[in-house]
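**Q** One file: start10.pdb (PDB, C-alpha atoms).
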ATOM      1  CA  MET A   1      10.797 -21.348  91.804
ATOM      2  CA  VAL A   2      13.275 -21.989  88.960
ATOM      3  CA  ALA A   3      10.391 -22.856  86.620
ATOM      4  CA  ASP A   4       8.542 -19.703  87.676
ATOM      5  CA  ILE A   5      11.599 -17.542  86.995
ATOM      6  CA  THR A   6      12.141 -19.227  83.623
ATOM      7  CA  ASN A   7       8.517 -18.603  82.688
ATOM      8  CA  ASP A   8       8.741 -14.986  83.868
ATOM      9  CA  LEU A   9      11.843 -14.456  81.719
ATOM     10  CA  ARG A  10      10.107 -15.942  78.695
ATOM     11  CA  ARG A  11       7.026 -13.763  79.215
ATOM     12  CA  TYR A  12       9.217 -10.689  79.742
ATOM     13  CA  SER A  13      11.129 -11.445  76.548
ATOM     14  CA  VAL A  14       7.949 -11.881  74.504
ATOM     15  CA  ASP A  15       6.366  -8.715  75.910
ATOM     16  CA  ALA A  16       9.562  -6.726  75.315
ATOM     17  CA  GLN A  17       9.627  -7.963  71.710
ATOM     18  CA  HIS A  18       5.999  -6.909  71.212
ATOM     19  CA  ILE A  19       6.754  -3.431  72.555
ATOM     20  CA  GLY A  20       9.885  -3.139  70.402
ATOM     21  CA  HIS A  21       7.986  -4.296  67.315
ATOM     22  CA  ALA A  22       5.247  -1.755  68.024
ATOM     23  CA  PHE A  23       7.879   1.018  68.125
ATOM     24  CA  ALA A  24       9.459  -0.311  64.932
ATOM     25  CA  ALA A  25       6.125  -0.513  63.099
ATOM     26  CA  LEU A  26       5.154   2.982  64.222
ATOM     27  CA  HIS A  27       8.384   4.390  62.761
ATOM     28  CA  GLY A  28       8.775   2.204  59.663
ATOM     29  CA  LEU A  29      11.673   0.149  61.043
ATOM     30  CA  ASN A  30      12.393  -3.512  60.444
ATOM     31  CA  PRO A  31      13.726  -5.884  63.145
ATOM     32  CA  THR A  32      17.369  -5.370  62.084
ATOM     33  CA  ASP A  33      16.902  -1.597  62.252
ATOM     34  CA  LEU A  34      15.566  -1.961  65.785
ATOM     35  CA  HIS A  35      18.476  -4.203  66.829
ATOM     36  CA  ALA A  36      20.908  -1.669  65.388
ATOM     37  CA  LEU A  37      19.301   1.191  67.328
ATOM     38  CA  ILE A  38      19.506  -0.836  70.522
ATOM     39  CA  ALA A  39      23.190  -1.588  69.848
ATOM     40  CA  VAL A  40      23.914   2.117  69.278
ATOM     41  CA  MET A  41      22.043   3.036  72.467
ATOM     42  CA  ASP A  42      23.777   0.336  74.534
ATOM     43  CA  ALA A  43      27.211   1.452  73.324
ATOM     44  CA  GLU A  44      26.443   5.074  74.184
ATOM     45  CA  LEU A  45      25.205   4.098  77.646
ATOM     46  CA  LEU A  46      28.516   2.313  78.227
ATOM     47  CA  GLY A  47      30.400   5.431  77.092
ATOM     48  CA  ASP A  48      31.948   3.504  74.195
ATOM     49  CA  PRO A  49      30.224   4.591  70.962
ATOM     50  CA  ILE A  50      29.911   1.819  68.398
ATOM     51  CA  THR A  51      31.621   1.822  65.020
ATOM     52  CA  PRO A  52      30.041   0.464  61.844
ATOM     53  CA  GLY A  53      32.403  -2.514  62.007
ATOM     54  CA  ARG A  54      31.450  -3.415  65.556
ATOM     55  CA  LEU A  55      27.780  -2.982  64.674
ATOM     56  CA  GLY A  56      28.213  -5.416  61.797
ATOM     57  CA  GLU A  57      29.924  -7.933  64.046
ATOM     58  CA  GLN A  58      27.212  -7.623  66.677
ATOM     59  CA  LEU A  59      24.386  -8.017  64.163
ATOM     60  CA  ASN A  60      26.340 -10.505  62.027
ATOM     61  CA  LEU A  61      25.971  -8.391  58.891
ATOM     62  CA  SER A  62      28.327  -7.833  55.979
ATOM     63  CA  SER A  63      29.928  -4.418  55.598
ATOM     64  CA  GLY A  64      27.672  -3.646  52.615
ATOM     65  CA  SER A  65      24.563  -4.517  54.621
ATOM     66  CA  VAL A  66      25.776  -2.388  57.537
ATOM     67  CA  THR A  67      26.346   0.577  55.224
ATOM     68  CA  ALA A  68      22.818   0.274  53.798
ATOM     69  CA  LEU A  69      21.406  -0.080  57.325
ATOM     70  CA  ILE A  70      23.272   2.989  58.619
ATOM     71  CA  ASP A  71      22.307   5.038  55.545
ATOM     72  CA  ARG A  72      18.638   4.128  56.068
ATOM     73  CA  LEU A  73      18.668   4.960  59.801
ATOM     74  CA  GLU A  74      20.559   8.192  59.196
ATOM     75  CA  ARG A  75      18.126   9.333  56.478
ATOM     76  CA  ALA A  76      15.218   8.620  58.847
ATOM     77  CA  GLY A  77      16.831  10.780  61.555
ATOM     78  CA  HIS A  78      17.465   7.966  64.036
ATOM     79  CA  ILE A  79      21.256   8.006  64.098
ATOM     80  CA  ARG A  80      24.158  10.180  63.059
ATOM     81  CA  ARG A  81      27.758   9.451  62.113
ATOM     82  CA  ASP A  82      30.576  11.372  63.769
ATOM     83  CA  ARG A  83      34.234  11.174  62.866
ATOM     84  CA  ASP A  84      36.756  10.494  65.603
ATOM     85  CA  THR A  85      38.584  13.706  66.426
ATOM     86  CA  ALA A  86      41.885  11.830  66.843
ATOM     87  CA  ASP A  87      41.560   9.613  63.745
ATOM     88  CA  ARG A  88      39.314  11.095  61.063
ATOM     89  CA  ARG A  89      39.145   7.711  59.285
ATOM     90  CA  LYS A  90      37.193   6.249  62.211
ATOM     91  CA  VAL A  91      33.429   6.764  62.405
ATOM     92  CA  PHE A  92      31.248   6.459  65.489
ATOM     93  CA  LEU A  93      27.484   5.999  65.445
ATOM     94  CA  HIS A  94      25.283   7.977  67.815
ATOM     95  CA  TYR A  95      21.601   8.390  68.427
ATOM     96  CA  ALA A  96      20.433  11.518  66.603
ATOM     97  CA  ASP A  97      18.395  14.034  68.590
ATOM     98  CA  GLN A  98      15.266  13.274  66.544
ATOM     99  CA  GLY A  99      15.657   9.519  67.060
ATOM    100  CA  ALA A 100      16.278   9.948  70.770
ATOM    101  CA  ALA A 101      13.170  12.122  71.088
ATOM    102  CA  LEU A 102      11.029   9.510  69.316
ATOM    103  CA  ALA A 103      12.392   6.748  71.547
ATOM    104  CA  MET A 104      11.928   8.825  74.708
ATOM    105  CA  SER A 105       8.351   9.677  73.766
ATOM    106  CA  PHE A 106       7.481   6.028  73.115
ATOM    107  CA  PHE A 107       9.484   4.307  75.860
ATOM    108  CA  GLY A 108       9.276   7.027  78.537
ATOM    109  CA  PRO A 109       6.059   5.660  80.087
ATOM    110  CA  LEU A 110       7.621   2.187  80.268
ATOM    111  CA  GLY A 111      10.707   3.675  81.915
ATOM    112  CA  ARG A 112       8.545   5.341  84.538
ATOM    113  CA  ARG A 113       6.753   2.044  85.212
ATOM    114  CA  THR A 114      10.111   0.297  85.559
ATOM    115  CA  ASP A 115      11.319   2.973  87.986
ATOM    116  CA  GLU A 116       8.165   2.487  90.067
ATOM    117  CA  VAL A 117       8.717  -1.271  90.198
ATOM    118  CA  MET A 118      12.382  -0.927  91.158
ATOM    119  CA  ALA A 119      11.471   1.528  93.924
ATOM    120  CA  ARG A 120       9.707  -1.359  95.676
ATOM    121  CA  PHE A 121      13.001  -3.210  96.180
ATOM    122  CA  THR A 122      15.921  -2.540  98.477
ATOM    123  CA  ASP A 123      19.380  -1.841  97.086
ATOM    124  CA  ASP A 124      20.487  -5.292  98.254
ATOM    125  CA  GLU A 125      17.596  -6.941  96.411
ATOM    126  CA  LEU A 126      18.317  -4.940  93.276
ATOM    127  CA  ALA A 127      21.982  -5.959  93.466
ATOM    128  CA  VAL A 128      20.942  -9.633  93.356
ATOM    129  CA  VAL A 129      18.553  -8.986  90.459
ATOM    130  CA  HIS A 130      21.282  -7.095  88.605
ATOM    131  CA  ARG A 131      23.794  -9.899  89.114
ATOM    132  CA  PHE A 132      21.241 -12.457  87.909
ATOM    133  CA  MET A 133      20.293 -10.399  84.849
ATOM    134  CA  ALA A 134      23.911  -9.636  83.886
ATOM    135  CA  THR A 135      24.836 -13.310  84.172
ATOM    136  CA  THR A 136      21.742 -14.339  82.199
ATOM    137  CA  VAL A 137      22.503 -11.835  79.429
ATOM    138  CA  ALA A 138      26.107 -13.082  79.192
ATOM    139  CA  SER A 139      24.888 -16.683  78.995
ATOM    140  CA  MET A 140      22.334 -15.763  76.319
ATOM    141  CA  ARG A 141      25.007 -14.071  74.221
ATOM    142  CA  GLU A 142      27.302 -17.079  74.544
ATOM    143  CA  HIS A 143      24.443 -19.287  73.360
ATOM    144  CA  ARG A 144      23.729 -16.907  70.458
ATOM    145  CA  ASP A 145      27.381 -17.060  69.426
ATOM    146  CA  ALA A 146      27.397 -20.874  69.677
ATOM    147  CA  ILE A 147      24.320 -21.037  67.427
ATOM    148  CA  ARG A 148      26.008 -18.770  64.897
ATOM    149  CA  ALA A 149      29.137 -20.927  64.977
ATOM    150  CA  ALA A 150      27.105 -24.154  64.590
ATOM    151  CA  ARG A 151      25.334 -22.693  61.553
ATOM    152  CA  ALA A 152      28.783 -22.016  60.120
ATOM    153  CA  GLU A 153      28.083 -18.323  59.738
ATOM    154  CA  PRO A 154      31.405 -16.797  58.824
ATOM    155  CA  PRO A 155      32.629 -14.200  61.282
ATOM    156  CA  ARG A 156      32.281 -10.741  59.806
ATOM    157  CA  ARG A 157      35.362  -8.672  59.245
ATOM    158  CA  PRO A 158      35.324  -5.277  60.941
ATOM    159  CA  ALA A 159      34.508  -2.537  58.437
ATOM    160  CA  ASP A 160      36.468   0.134  60.325
TER     161      ASP A 160
END
Would it be possible to restate this file's structure as structure tokens?

**A**
Amino acid sequence: MVADITNDLRRYSVDAQHIGHAFAALHGLNPTDLHALIAVMDAELLGDPITPGRLGEQLNLSSGSVTALIDRLERAGHIRRDRDTADRRKVFLHYADQGAALAMSFFGPLGRRTDEVMARFTDDELAVVHRFMATTVASMREHRDAIRAARAEPPRRPAD
């Protein structure tokens, strides 16, 4: 069963990458652009909007590269920058309405399919799946960070 799960995860990962790349190609985005949009979306879903500095740390980009990336995504209508109301020096990145509409149009059918699949499982089963997935994601990120450290990639300074 462990081998089957490992193979399922690999196939899921490859298929998810193909779908993401199709969205990126359709909208003139490169892989880093797509990763940035996912990071912005994830931060918003957690209720903790991402800053340019945190985005750079997450993507392992220099502050200059992050600025160019944000400028490009903002010009294309995918994201917007908002200043913190308490500290005007701080900037938060958010999905722009146009970008969210494009993503919803493209990924909406996949979301409906996912909802249909999850409806076939009990809450207890979904709780186990969620625990497994959350633990797997944490392990994957630890491995990613170890690879970065082994390649001697310097940690990026926050740009905020």

**Q** Please define a box with edges along x, y and z of the file around all atoms of region 95-104 of chain A given in the file, extend it by 4 Å on each side, and return its centre and edge lengths in Å to one decimal, as JSON.

**A**
{"center_x": 16.3, "center_y": 10.4, "center_z": 70.6, "size_x": 18.6, "size_y": 15.3, "size_z": 16.2}

**Q** For Thr6 (chain A), which residue among A:Thr114, A:Thr85, A:Gln58, A:Thr136 is the nearest when counting only C-alpha atoms?

**A**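 The shortest atom-to-atom distance to Thr6 (chain A) comes from A:Thr136.
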
**Q** Write out as JSON lines the residues of region 65-149 of chain A that have any atom within 10 Å of an atom of region 34-54 of chain A, one row each with the nearest atom pair and its distance in Å to one decimal, counting only C-alpha atoms, sorted by chain and then rising number.

**A**
{"residue": "A:Val66", "atom": "CA", "partner": "A:Pro52", "partner_atom": "CA", "distance": 6.7}
{"residue": "A:Thr67", "atom": "CA", "partner": "A:Pro52", "partner_atom": "CA", "distance": 7.6}
{"residue": "A:Leu69", "atom": "CA", "partner": "A:Ala36", "partner_atom": "CA", "distance": 8.2}
{"residue": "A:Ile70", "atom": "CA", "partner": "A:Pro52", "partner_atom": "CA", "distance": 7.9}
{"residue": "A:Leu73", "atom": "CA", "partner": "A:Leu37", "partner_atom": "CA", "distance": 8.4}
{"residue": "A:His78", "atom": "CA", "partner": "A:Leu37", "partner_atom": "CA", "distance": 7.8}
{"residue": "A:Ile79", "atom": "CA", "partner": "A:Leu37", "partner_atom": "CA", "distance": 7.8}
{"residue": "A:Arg81", "atom": "CA", "partner": "A:Thr51", "partner_atom": "CA", "distance": 9.0}
{"residue": "A:Asp82", "atom": "CA", "partner": "A:Thr51", "partner_atom": "CA", "distance": 9.7}
{"residue": "A:Arg83", "atom": "CA", "partner": "A:Thr51", "partner_atom": "CA", "distance": 9.9}
{"residue": "A:Lys90", "atom": "CA", "partner": "A:Thr51", "partner_atom": "CA", "distance": 7.7}
{"residue": "A:Val91", "atom": "CA", "partner": "A:Thr51", "partner_atom": "CA", "distance": 5.9}
{"residue": "A:Phe92", "atom": "CA", "partner": "A:Thr51", "partner_atom": "CA", "distance": 4.7}
{"residue": "A:Leu93", "atom": "CA", "partner": "A:Ile50", "partner_atom": "CA", "distance": 5.7}
{"residue": "A:His94", "atom": "CA", "partner": "A:Val40", "partner_atom": "CA", "distance": 6.2}
{"residue": "A:Tyr95", "atom": "CA", "partner": "A:Met41", "partner_atom": "CA", "distance": 6.7}
{"residue": "A:Gly99", "atom": "CA", "partner": "A:Leu37", "partner_atom": "CA", "distance": 9.1}
{"residue": "A:Ala100", "atom": "CA", "partner": "A:Met41", "partner_atom": "CA", "distance": 9.2}
{"residue": "A:Ala103", "atom": "CA", "partner": "A:Leu37", "partner_atom": "CA", "distance": 9.8}

**Q** Rounded to one decimal place, report the CA of Met133 (chain A)-CA of Ser13 (chain A) distance in Å.

**A** 12.4 Å

**Q** For Arg144 (chain A), which residue among A:Arg88, A:Leu59, A:Ala127, A:Ile5 is the nearest when counting all atoms listed in the file?

**A**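 Result for the nearest residue to Arg144 (chain A): A:Leu59.
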
**Q** Record the distance separating CA of Val129 (chain A) and CA of Asp4 (chain A), expressed in Å with one decimal.

**A**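 Going from CA of Val129 (chain A) over to CA of Asp4 (chain A) covers 14.9 Å.
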
**Q** Rounded to one decimal, what separation in Å do you get between CA of His143 (chain A) and CA of Ala16 (chain A)?

**A**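 Value for the CA of His143 (chain A)-CA of Ala16 (chain A) distance: 19.6 Å.
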
**Q** Which residue, A:Asp115, A:Glu125, A:Asp15, A:Asp97, has the smallest gap to Gly77 (chain A) when you use only C-alpha atoms?

**A**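 Once distances to Gly77 (chain A) are computed over only C-alpha atoms, the minimum belongs to A:Asp97.
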
**Q** Between A:Ala119, A:Ile147, A:Leu102, A:Ala3, which has the minimum distance to Leu26 (chain A) (counting all atoms listed in the file)?

**A**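 Checking each candidate against Leu26 (chain A), we get A:Leu102 as the closest.
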
**Q** Could you tell me which of A:Asp33, A:Asp124, A:Ala76, A:Gly111 comes closest to Gln98 (chain A) if we count all atoms listed in the file?

**A**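 Using all atoms listed in the file, the shortest distance to Gln98 (chain A) belongs to A:Ala76.
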
**Q** Which one is closest to Phe23 (chain A): A:Arg120, A:Gly64, A:Phe107, A:Gly56? Count all atoms listed in the file.

**A** A:Phe107

**Q** N, CA and C atoms are what I want for region 26-51 of chain A; can you complete it accordingly and write them as a JSON list (two decimals), keeping the file's coordinate frame?

**A**
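Once everything was written out, this is rebuild06.json:
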[["chain", "number", "residue", "atom", "x", "y", "z"],
["A", 26, "LEU", "N", 5.59, 1.59, 64.17],
["A", 26, "LEU", "CA", 5.15, 2.98, 64.22],
["A", 26, "LEU", "C", 6.09, 3.90, 63.44],
["A", 27, "HIS", "N", 7.38, 3.52, 63.39],
["A", 27, "HIS", "CA", 8.38, 4.39, 62.76],
["A", 27, "HIS", "C", 8.99, 3.79, 61.50],
["A", 28, "GLY", "N", 8.34, 2.77, 60.93],
["A", 28, "GLY", "CA", 8.78, 2.20, 59.66],
["A", 28, "GLY", "C", 10.11, 1.48, 59.73],
["A", 29, "LEU", "N", 10.41, 0.86, 60.87],
["A", 29, "LEU", "CA", 11.67, 0.15, 61.04],
["A", 29, "LEU", "C", 11.45, -1.35, 60.94],
["A", 30, "ASN", "N", 12.46, -2.06, 60.45],
["A", 30, "ASN", "CA", 12.39, -3.51, 60.44],
["A", 30, "ASN", "C", 13.15, -4.05, 61.67],
["A", 31, "PRO", "N", 13.07, -5.35, 61.94],
["A", 31, "PRO", "CA", 13.73, -5.88, 63.14],
["A", 31, "PRO", "C", 15.24, -5.60, 63.21],
["A", 32, "THR", "N", 15.93, -5.66, 62.07],
["A", 32, "THR", "CA", 17.37, -5.37, 62.08],
["A", 32, "THR", "C", 17.62, -3.90, 62.42],
["A", 33, "ASP", "N", 16.79, -3.02, 61.90],
["A", 33, "ASP", "CA", 16.90, -1.60, 62.25],
["A", 33, "ASP", "C", 16.79, -1.42, 63.76],
["A", 34, "LEU", "N", 15.79, -2.08, 64.34],
["A", 34, "LEU", "CA", 15.57, -1.96, 65.78],
["A", 34, "LEU", "C", 16.76, -2.50, 66.57],
["A", 35, "HIS", "N", 17.30, -3.64, 66.15],
["A", 35, "HIS", "CA", 18.48, -4.20, 66.83],
["A", 35, "HIS", "C", 19.66, -3.26, 66.71],
["A", 36, "ALA", "N", 19.81, -2.62, 65.57],
["A", 36, "ALA", "CA", 20.91, -1.67, 65.39],
["A", 36, "ALA", "C", 20.75, -0.47, 66.33],
["A", 37, "LEU", "N", 19.53, 0.05, 66.43],
["A", 37, "LEU", "CA", 19.30, 1.19, 67.33],
["A", 37, "LEU", "C", 19.60, 0.82, 68.77],
["A", 38, "ILE", "N", 19.22, -0.39, 69.16],
["A", 38, "ILE", "CA", 19.51, -0.84, 70.52],
["A", 38, "ILE", "C", 21.01, -0.95, 70.73],
["A", 39, "ALA", "N", 21.73, -1.46, 69.73],
["A", 39, "ALA", "CA", 23.19, -1.59, 69.85],
["A", 39, "ALA", "C", 23.84, -0.21, 69.97],
["A", 40, "VAL", "N", 23.37, 0.75, 69.19],
["A", 40, "VAL", "CA", 23.91, 2.12, 69.28],
["A", 40, "VAL", "C", 23.64, 2.70, 70.66],
["A", 41, "MET", "N", 22.41, 2.52, 71.15],
["A", 41, "MET", "CA", 22.04, 3.04, 72.47],
["A", 41, "MET", "C", 22.88, 2.38, 73.56],
["A", 42, "ASP", "N", 23.00, 1.05, 73.51],
["A", 42, "ASP", "CA", 23.78, 0.34, 74.53],
["A", 42, "ASP", "C", 25.22, 0.82, 74.57],
["A", 43, "ALA", "N", 25.82, 1.00, 73.39],
["A", 43, "ALA", "CA", 27.21, 1.45, 73.32],
["A", 43, "ALA", "C", 27.35, 2.85, 73.92],
["A", 44, "GLU", "N", 26.40, 3.72, 73.62],
["A", 44, "GLU", "CA", 26.44, 5.07, 74.18],
["A", 44, "GLU", "C", 26.28, 5.04, 75.70],
["A", 45, "LEU", "N", 25.40, 4.19, 76.20],
["A", 45, "LEU", "CA", 25.20, 4.10, 77.65],
["A", 45, "LEU", "C", 26.46, 3.61, 78.35],
["A", 46, "LEU", "N", 27.25, 2.80, 77.67],
["A", 46, "LEU", "CA", 28.52, 2.31, 78.23],
["A", 46, "LEU", "C", 29.65, 3.32, 78.05],
["A", 47, "GLY", "N", 29.37, 4.42, 77.33],
["A", 47, "GLY", "CA", 30.40, 5.43, 77.09],
["A", 47, "GLY", "C", 31.42, 5.00, 76.05],
["A", 48, "ASP", "N", 31.05, 4.05, 75.22],
["A", 48, "ASP", "CA", 31.95, 3.50, 74.19],
["A", 48, "ASP", "C", 31.18, 3.43, 72.88],
["A", 49, "PRO", "N", 31.03, 4.57, 72.18],
["A", 49, "PRO", "CA", 30.22, 4.59, 70.96],
["A", 49, "PRO", "C", 30.65, 3.49, 69.98],
["A", 50, "ILE", "N", 29.67, 2.95, 69.29],
["A", 50, "ILE", "CA", 29.91, 1.82, 68.40],
["A", 50, "ILE", "C", 30.34, 2.32, 67.02],
["A", 51, "THR", "N", 31.19, 1.55, 66.39],
["A", 51, "THR", "CA", 31.62, 1.82, 65.02],
["A", 51, "THR", "C", 30.79, 0.97, 64.07]]
